[in-house]
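A.B. asks: Please read through the structure below; I'll follow up with questions.
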Amino acid sequence: MVKIQLGSVRANSLRTSRTVPLLLSGLLLFGIGTAGHAIFPHVTKPAAVIVAAAAPIVSQIANSAPAQAVAEASAAATAFVAPKQESVTREVELASGHSFAAMLTDADVAPEDALAVASALNQVFDHRQLKAGTEVTLAFTHMGNEETLSGVTFQPSPTKEISITRTADGKFAGNVKTTPVERERVAAQAEIRDSLYEAGEREGVPHAIMAALIRAYSHAVDFQRDIHPGDKFEVLYDQPTAQDGTPVGQGVIIYAALQIGSKVMPLYRVTFGDGTVDYFDERGQSIKRALLRTPVDGARVTSGYGMRMHPLLGYSKMHQGVDFGAAPGTPIFAAGSGTVEEAGFKGSYGRFVLLRHNGRTETAYAHMSRFARGMYPGAHVNQGDVIGFVGATGRATGPHLHFEVRVDHHQVNPLSVNMPVGRVLEGQTLAQFKQGQAKIKHEFVTLLTKDTPPNTVIKTETSSPANHAVTKVSATAPAFADKPTSSCGLRRGC
């Protein structure tokens with residue numbers, strides 16, 4: 001009934017432009033034929049012809065046109081009221097303590113679909129690795145008042161995208177897409193105001209790069225006493241990035257330098273043919289020493305080696321190590337490569353680790369809050385490995401690391417003992433190391449001053465030629481610049 005009514009109304013509006021002229025033409029012909037027959041009987045035959053010609057036109061008006069209009073209008077009305085399929089998306093966020101399926105259910109996904117999607121996810125990704133705050137895109141298909149989940153997409157990491165889509169049979173299938181990692185060369189330079197770490201953070205240098213830089217210099221620099229406001233640092237490093245520019249993974253220092261007062265201390269990364277990596281100064285000597293002087297990042301010396309009034313015992317006593325004050329949980333590094341001799345609770349030392357580095361030298365670490373994984377007698381550690389974390393166990397007034405260096409089983413001052421150097425480059429290796437300095441120095445300065453005004457003059461240190469190295473080498477030379485009229489800070493995009 002609805003279609004017929006709509007069709008009738010539609011026919012009147014659709015066919016008016018064709019029906020009116022047709023009707024007038026037919027009536028005119030019919031009138032001429034009838035009048036001619038009455039007035040001029042001798043033209044009866046021609047008039048009959050005219051009437052006969054008008055008959056089909058009138059018939060078409062009465063029958064064909066309205067029927068066709070009704071049919072077309074009915075079809076149009078049916079298309080108008082039929083539901084259309086639409087695709088829409090919604091963004092949701094995984095809440096802390098919620099499962100993936102619960103998140104979907106909270107977003108009005110049918111429970112059976114939510115469970116099916118969660119099952120498909122587990123086929124391609126461990127749901128336990130999902131982190132609260134992960135943004136998830138839900139795709140739905142709308143048909144009238146019905147809504148059906150058609151797919152789910154999210155990125156658990158900057159280089160990985162997971163999509164779960166509904167297949168033709170109504171089930172769900174997961175897929176993992178990994179995007180390639182790119183490498184970006186970054187240069188930074190800054191003046192130290194409070195601490196080296198703070199200066200790096202101010203320039204946007206990743207924390208991991210600054211930690212690596214501090215570890216590299218901890219062989220030769222006491223960061224508590226040697227660094228002063230006005231000193232400078234610079235660094236050139238490779239940073240893996242996702243396609244959207246998000247830093248991923250661990251960056252690698254190519255070149256760095258500390259300017260302490262008037263003294264410049266550069267270091268350069270060298271990768272040898274056998275795959276080993278080391279850092280060297282401008283003379284081609286490894287910056288590594290047998291032992292680190294400060295095996296804790298960002299620590300301050302709270303008590304030196306020698307006689308002192310013991311804070312707990314109340315009388316003077318020989319302090320046979322150095323105390324480094326640091327926040328609880330700060331990582332403690334192995335001062336050198338060696339073997340774990342002891343790892344356990346030891347009286348006033350609290351949680352204690354003793355490392356043997358060779359036949360004569362040992363290092364001791366006390367008052368730890370906990371040990372790193374793998375700390376047991378006989379285990380091997382490399383210089384810089386985390387062996388434990390700062391605490392206040394045993395006889396301690398607060399969180400700190402008590403650090404000892406023992407030579408032939410006798411404690412010596414860790415801050416003054418002579419630390420022998422490691423590998424030294426010679427001959428053709430040293431020549432190749434120096435040949436690359438100009439190229440890398442030019443790269444560093446170009447990156448650092450990329451947006452510096454053309455009239456700005458950059459002066460660089462050239463008195464100590466250095467750099468490059470062996471087989472596979474990345475390095476540079478000191479390039480400390482006089483402060484430009486417009487500081488460039490951190491430069492990206494090589």
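Identifiers in this document derive from the order of the structure tokens: chains are assigned A, B, ..., residues are numbered from 1 separately in each chain, and ligands are numbered from 1 in order of occurrence.
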Excluding Phe100 of chain A and its own-chain neighbours fewer than 3 positions away, which residues fall within 7 Å of it when counting only C-alpha atoms? Please give them as a list of chain:residue names.

C.D. replies: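 Counting only the stated atoms, we get A:Met103, A:Leu104, A:Ala118.
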
A.B. asks: If we count only C-alpha atoms and set the cut-off at 10 Å, which residues sit around Ala107 of chain A, ignoring sequence neighbours fewer than 6 positions away in its own chain? Please answer as a ChimeraX atom specification.

C.D. replies: /A:90-93,101,114,138

A.B. asks: Find the residues around Gly97 of chain A up to 12 Å (only C-alpha atoms counted), leave out those fewer than 5 positions away in its own chain, and share them as a list in words.

C.D. replies: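 Within the cut-off, the hits are Ala102, Met103, Arg128, Leu130, Lys131, Ala132 and Gly133 of chain A.
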
A.B. asks: Tell me, in Å to one decimal, how far atom CA of Val296 of chain A is from atom CA of Tyr197 of chain A.

C.D. replies: 13.1 Å

A.B. asks: As an exercise, work out the distance from atom CA of Thr363 of chain A to atom CA of Thr397 of chain A in Å and give it to one decimal place.

C.D. replies: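 Interatomic distance, atom CA of Thr363 of chain A to atom CA of Thr397 of chain A: 22.1 Å.
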